[in-house]
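A short worksheet on the structure shown next.
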Amino acid sequence: MGNVPYTIYDTAGIKKQTSMHVIEKIAYEKTMDMLEYVRPVVIFVIDATLGISHRDMTLLEEINRLALPIIFALNKSDLLSKKDMEAILKTTQRMMDFAKYIPIMPISALTGAGTKEFFAFVHALRKESEKRIATTALNKIISAEIFQRPPRFSKNKICKIMYMTQVDINAPTFLVFVNYKARVNFSFKKWIENTIRKHFGFVGVPLVIRFKDRKEGNEDRPMPGESIETLDKIEESRAEDQERKQKRILVKRQIKKAK
């Protein structure tokens with residue numbers, strides 16, 4: 001681990017909720033509360049000799065819902081042949097199709113194989129989760145991708161991106177202003193996510209993408225490709241307008257006092 005300090009929260013194995021005793025249910029609830037409050041990098045450890053189970057998948061989906069950075073550790077990889085390890089990796093990747101962004105790494109707690117690279121990756125995931133993309137850069141990329149490979153929609157059901165910005169980190173959250181929010185579908189949301197990951201990474205980090213109608217307070221934002229370079233100037237202009245308004249208010253107050 002080098003000189004990097006780590007705080008490790010070791011959670012007990014989680015059973016099916018239907019088979020949990022009272023104490024186990026309390027422990028499960030506290031684990032989920034801790035994950036939501038602390039927002040750590042989740043190391044999801046699986047016994048590679050047993051493979052991933054449906055219960056593991058259910059738990060993984062719950063963690064994914066919390067939008068936490070996560071890395072998948074296939075432990076006991078030293079007990080498997082290269083061929084068996086490749087088969088386990090393929091099976092795991094197939095079962096995790098809903099979250100392809102999650103890295104899968106074989107390790108061995110017994111021999112230490114892969115652990116150095118593993119913890120380096122954990123450190124990188126934290127940085128990825130706290131990454132912030134400049135609004136101008138984000139809209140330039142979206143504009144270019146729309147021109148090169150536009151998302152597909154049914155006839156007369158087109159949803160246009162008016163403007164996009166990152167509003168939060170850990171989990172990275174993006175707010176997308178569109179012409180008709182009701183036309184947003186799964187493939188369109190996936191197109192945006194894939195575009196962001198293609199250009200900005202966010203490996204092992206879930207992205208939260210929210211949509212808003214342009215009429216909900218952002219009518220004057222430019223379309224991608226239209227005056228994208230002037231976004232900063234627009235913000236500066238607004239700030240100057242606000243400052244002028246404040247000065248006018250102060251002048252009026254001074255005049256009233258003088259009277």
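Residues in the structure tokens are named by chain (A, B, ... in the order shown) and by number from 1 within that chain; ligands are numbered from 1 in the order shown.
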
**Message:** Show me, as a count of residues only, the residues that have an atom within 12 Å of Asp84 of chain A when counting only C-alpha atoms, minus same-chain residues fewer than 4 positions from it.
**Reply:** 13

Who sits within 7 Å of segment 99-103 of chain A, only C-alpha atoms, same chain under 4 positions skipped, as a CSV table (one decimal) with C-alpha atoms, in the first residue's frame:
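Output saved as part11.csv:
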chain,number,residue,atom,x,y,z
A,70,ILE,CA,-16.6,0.0,-6.8
A,71,ILE,CA,-14.0,-2.5,-7.8
A,72,PHE,CA,-14.6,-6.3,-8.1
A,203,VAL,CA,-13.5,4.1,-14.6
A,204,GLY,CA,-15.2,2.2,-11.8
A,205,VAL,CA,-17.4,5.1,-11.0

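Near Glu36 of chain A, within 12 Å and counting only C-alpha atoms, sit Glu29, Lys30, Val42, Glu62, Ile63, Asn64, Arg65, Leu66, Ala67, Leu68, Pro69, Asn170 and Ala171 of chain A, not including residues fewer than 6 positions from it in the same chain.
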
Export of the given selection (N, CA and C atoms) as an mmCIF file, in the first residue's frame:
data_model
loop_
_atom_site.group_PDB
_atom_site.id
_atom_site.type_symbol
_atom_site.label_atom_id
_atom_site.label_comp_id
_atom_site.auth_asym_id
_atom_site.auth_seq_id
_atom_site.Cartn_x
_atom_site.Cartn_y
_atom_site.Cartn_z
ATOM 1 N N GLU A 29 -28.585 -3.474 7.697
ATOM 2 C CA GLU A 29 -29.072 -2.099 7.595
ATOM 3 C C GLU A 29 -27.982 -1.094 7.952
ATOM 4 N N LYS A 30 -27.190 -1.422 8.972
ATOM 5 C CA LYS A 30 -26.096 -0.529 9.370
ATOM 6 C C LYS A 30 -25.020 -0.466 8.284
ATOM 7 N N VAL A 42 -15.911 0.877 -2.725
ATOM 8 C CA VAL A 42 -16.371 -0.460 -2.345
ATOM 9 C C VAL A 42 -15.499 -1.521 -3.013
ATOM 10 N N GLU A 62 -27.734 -3.243 -5.414
ATOM 11 C CA GLU A 62 -28.056 -2.321 -4.325
ATOM 12 C C GLU A 62 -26.931 -1.308 -4.131
ATOM 13 N N ILE A 63 -25.693 -1.783 -4.194
ATOM 14 C CA ILE A 63 -24.539 -0.889 -4.059
ATOM 15 C C ILE A 63 -24.472 0.056 -5.251
ATOM 16 N N ASN A 64 -24.774 -0.467 -6.417
ATOM 17 C CA ASN A 64 -24.774 0.349 -7.631
ATOM 18 C C ASN A 64 -25.816 1.458 -7.539
ATOM 19 N N ARG A 65 -26.929 1.148 -6.889
ATOM 20 C CA ARG A 65 -27.995 2.141 -6.701
ATOM 21 C C ARG A 65 -27.509 3.319 -5.857
ATOM 22 N N LEU A 66 -26.572 3.057 -4.947
ATOM 23 C CA LEU A 66 -26.015 4.116 -4.104
ATOM 24 C C LEU A 66 -24.975 4.951 -4.855
ATOM 25 N N ALA A 67 -24.651 4.526 -6.073
ATOM 26 C CA ALA A 67 -23.704 5.254 -6.939
ATOM 27 C C ALA A 67 -22.338 5.423 -6.275
ATOM 28 N N LEU A 68 -21.804 4.312 -5.777
ATOM 29 C CA LEU A 68 -20.492 4.333 -5.131
ATOM 30 C C LEU A 68 -19.413 3.828 -6.081
ATOM 31 N N PRO A 69 -18.193 4.362 -5.972
ATOM 32 C CA PRO A 69 -17.085 3.796 -6.756
ATOM 33 C C PRO A 69 -16.834 2.370 -6.286
ATOM 34 N N ASN A 170 -18.631 12.596 -6.615
ATOM 35 C CA ASN A 170 -18.810 11.482 -5.663
ATOM 36 C C ASN A 170 -20.259 11.328 -5.182
ATOM 37 N N ALA A 171 -21.164 10.908 -5.991
ATOM 38 C CA ALA A 171 -21.025 10.427 -7.352
ATOM 39 C C ALA A 171 -21.072 11.582 -8.364
#

Skip Met57 of chain A itself and residues of its chain fewer than 2 positions away, then list as a short mmCIF file (atom, residue, chain, number, x, y, z; two decimals) with N, CA and C atoms, in the first residue's frame all residues within 12 Å of it, counting only C-alpha atoms.
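Saved to out-v6.cif:
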data_model
loop_
_atom_site.label_atom_id
_atom_site.label_comp_id
_atom_site.auth_asym_id
_atom_site.auth_seq_id
_atom_site.Cartn_x
_atom_site.Cartn_y
_atom_site.Cartn_z
N LYS A 16 -29.25 -13.76 2.26
CA LYS A 16 -30.54 -13.32 1.74
C LYS A 16 -31.34 -12.74 2.89
N PHE A 44 -15.64 -5.23 -3.67
CA PHE A 44 -16.60 -6.33 -3.67
C PHE A 44 -15.82 -7.63 -3.88
N ILE A 46 -15.16 -11.60 -4.06
CA ILE A 46 -15.82 -12.85 -4.44
C ILE A 46 -14.79 -13.99 -4.42
N GLY A 51 -17.25 -18.54 -7.91
CA GLY A 51 -17.89 -17.70 -8.92
C GLY A 51 -18.92 -16.78 -8.30
N ILE A 52 -19.54 -15.97 -9.13
CA ILE A 52 -20.52 -14.99 -8.68
C ILE A 52 -21.91 -15.61 -8.63
N SER A 53 -22.64 -15.34 -7.56
CA SER A 53 -23.97 -15.91 -7.38
C SER A 53 -25.04 -14.86 -7.66
N HIS A 54 -26.28 -15.31 -7.73
CA HIS A 54 -27.39 -14.37 -7.95
C HIS A 54 -27.55 -13.44 -6.74
N ARG A 55 -27.25 -13.95 -5.55
CA ARG A 55 -27.31 -13.11 -4.36
C ARG A 55 -26.26 -12.00 -4.44
N LEU A 59 -26.96 -7.91 -4.38
CA LEU A 59 -26.24 -6.98 -3.50
C LEU A 59 -25.48 -5.94 -4.31
N LEU A 60 -24.90 -6.38 -5.41
CA LEU A 60 -24.15 -5.48 -6.28
C LEU A 60 -25.07 -4.40 -6.86
N GLU A 61 -26.28 -4.79 -7.21
CA GLU A 61 -27.25 -3.82 -7.73
C GLU A 61 -27.63 -2.80 -6.67
N GLU A 62 -27.73 -3.24 -5.41
CA GLU A 62 -28.06 -2.32 -4.32
C GLU A 62 -26.93 -1.31 -4.13
N ILE A 63 -25.69 -1.78 -4.19
CA ILE A 63 -24.54 -0.89 -4.06
C ILE A 63 -24.47 0.06 -5.25
N ASN A 64 -24.77 -0.47 -6.42
CA ASN A 64 -24.77 0.35 -7.63
C ASN A 64 -25.82 1.46 -7.54
N PHE A 72 -14.23 -4.86 -8.34
CA PHE A 72 -14.59 -6.25 -8.13
C PHE A 72 -13.32 -7.08 -7.94
N THR A 92 -18.21 -13.58 -15.21
CA THR A 92 -18.47 -12.43 -14.35
C THR A 92 -18.80 -11.19 -15.17
N GLN A 93 -18.05 -10.96 -16.23
CA GLN A 93 -18.29 -9.81 -17.11
C GLN A 93 -19.67 -9.90 -17.75
N ARG A 94 -20.07 -11.11 -18.13
CA ARG A 94 -21.38 -11.28 -18.75
C ARG A 94 -22.50 -10.99 -17.75
N MET A 95 -22.34 -11.46 -16.53
CA MET A 95 -23.37 -11.25 -15.51
C MET A 95 -23.43 -9.79 -15.06
N MET A 96 -22.32 -9.08 -15.21
CA MET A 96 -22.27 -7.68 -14.80
C MET A 96 -22.48 -6.73 -15.98
N ASP A 97 -23.21 -7.18 -16.95
CA ASP A 97 -23.44 -6.38 -18.16
C ASP A 97 -24.13 -5.05 -17.83
N PHE A 98 -24.90 -5.02 -16.75
CA PHE A 98 -25.61 -3.80 -16.37
C PHE A 98 -24.67 -2.73 -15.83
N ALA A 99 -23.44 -3.13 -15.48
CA ALA A 99 -22.48 -2.18 -14.92
C ALA A 99 -21.09 -2.48 -15.48
#

**Request:** Please return as a ChimeraX atom specification: the residues of segment 108-237 of chain A that backbone DSSP assigns to alpha helix (DSSP H).
**Result:** /A:115-129,135-148,186-200,231-237
